[in-house]
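J.: Got a structure for you, questions after.
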Amino acid sequence: MNLDFSLFRTVSITERLSVQLRVDASNLFNSPHFNNPNGDITSGSFLEINSAKFDERQFRLGVRLAF
């Protein structure tokens, strides 16, 4: 399971000018996603999962100015 999350706030500075502050998170709970099992029949580790994908939690901050 993968949960992405966004949180933003828009602040009006003047009638025509506003600023939006954003925080985006990918894979918020840092759930592991495993690679496919070993499919080599002659291997001693047949159908074993020995690694995970590199899709760890990431945060992104942003500011948007609208005029």
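FYI, nothing fancy with the structure tokens labels: chains A, B, ... in order, residues from 1 per chain, ligands from 1 as they appear.
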Can you pull out every residue within 12 Å of Ser51 in chain A, counting only C-alpha atoms, but drop anything in the same chain fewer than 6 positions away, and send it as a PyMOL selection string?
T.: chain A and resi 32-38
J.: Keeping N, CA and C atoms, export the residues of the selection given above as a CSV table (one decimal), in the first residue's frame.
T.:
```csv
chain,number,residue,atom,x,y,z
A,32,PRO,N,7.5,-0.6,2.6
A,32,PRO,CA,8.4,-1.2,1.6
A,32,PRO,C,7.7,-1.9,0.5
A,33,HIS,N,8.2,-1.8,-0.7
A,33,HIS,CA,7.7,-2.4,-1.9
A,33,HIS,C,8.8,-3.4,-2.4
A,34,PHE,N,8.5,-4.7,-2.3
A,34,PHE,CA,9.5,-5.7,-2.6
A,34,PHE,C,9.6,-6.0,-4.1
A,35,ASN,N,10.9,-6.4,-4.5
A,35,ASN,CA,11.1,-6.8,-5.8
A,35,ASN,C,10.5,-8.1,-6.1
A,36,ASN,N,10.5,-8.5,-7.4
A,36,ASN,CA,10.0,-9.8,-7.8
A,36,ASN,C,10.8,-11.0,-7.2
A,37,PRO,N,10.3,-12.1,-6.9
A,37,PRO,CA,11.0,-13.3,-6.4
A,37,PRO,C,12.0,-13.8,-7.5
A,38,ASN,N,13.0,-14.5,-7.0
A,38,ASN,CA,14.0,-15.1,-7.9
A,38,ASN,C,13.4,-16.2,-8.7
```
J.: Taking into account only C-alpha atoms, which residue in the set A:Leu3, A:Ala66, A:Leu47, A:Arg60 is nearest to Phe29 in chain A?
T.: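 Closest to Phe29 in chain A of all the choices is A:Leu3.
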J.: Can you list, as a PyMOL selection string, every residue of chain A that DSSP puts in strand (DSSP E or B)?
T.: chain A and resi 5-12+18-26+34+52+58-66
J.: Near Asp24 in chain A, counting only C-alpha atoms, which residues have an atom at most 8 Å away, once you skip same-chain residues fewer than 2 positions from it, shown as an MDAnalysis selection string?
T.: chainID A and resid 4:7 22 26 59:61
J.: With only C-alpha atoms as the atoms that count, which of A:Gly39, A:Met1, A:Glu56, A:Thr10 lies nearest to Ala25 in chain A?
T.: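 Of the candidates, the smallest distance to Ala25 in chain A is held by A:Glu56.
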J.: Would you mind reading off the distance between CA of Val11 in chain A and CA of Val23 in chain A, one decimal, in Å?
T.: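 Going from CA of Val11 in chain A over to CA of Val23 in chain A covers 14.7 Å.
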J.: Got a sec: who's within 7 Å of Val63 in chain A, counting only C-alpha atoms, leaving out chain neighbours fewer than 2 positions off, as an NGL selection string?
T.: :A and (19-22 or 65)
J.: Store the residues of this selection in a file with N, CA, C and O atoms, as a short mmCIF file (atom, residue, chain, number, x, y, z; two decimals), in the first residue's frame.
T.:
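Output below, filename out-v3.cif:
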```cif
data_model
loop_
_atom_site.label_atom_id
_atom_site.label_comp_id
_atom_site.auth_asym_id
_atom_site.auth_seq_id
_atom_site.Cartn_x
_atom_site.Cartn_y
_atom_site.Cartn_z
N VAL A 19 -0.30 34.05 -2.14
CA VAL A 19 0.81 33.11 -2.01
C VAL A 19 0.24 31.77 -1.55
O VAL A 19 -0.59 31.71 -0.64
N GLN A 20 0.67 30.69 -2.19
CA GLN A 20 0.25 29.35 -1.79
C GLN A 20 1.47 28.59 -1.28
O GLN A 20 2.48 28.48 -1.97
N LEU A 21 1.38 28.07 -0.05
CA LEU A 21 2.43 27.27 0.56
C LEU A 21 1.99 25.81 0.49
O LEU A 21 0.87 25.48 0.87
N ARG A 22 2.88 24.92 0.01
CA ARG A 22 2.53 23.52 -0.20
C ARG A 22 3.55 22.58 0.43
O ARG A 22 4.74 22.87 0.45
N LEU A 65 3.39 31.93 -6.16
CA LEU A 65 2.94 33.32 -6.13
C LEU A 65 2.00 33.55 -7.30
O LEU A 65 2.35 33.32 -8.45
#
```
J.: Would you please work out which residue, of A:Arg9, A:Glu15, A:Asn2, A:Asp40, is nearest to Arg57 in chain A when using only C-alpha atoms?
T.: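 Once distances to Arg57 in chain A are computed over only C-alpha atoms, the minimum belongs to A:Asn2.
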J.: Between A:Glu48, A:Gly62, A:Phe54, A:Phe67, single out the one closest to Ser18 in chain A, counting only C-alpha atoms.
T.: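 When distances to Ser18 in chain A are compared using only C-alpha atoms, the smallest one comes from A:Phe67.
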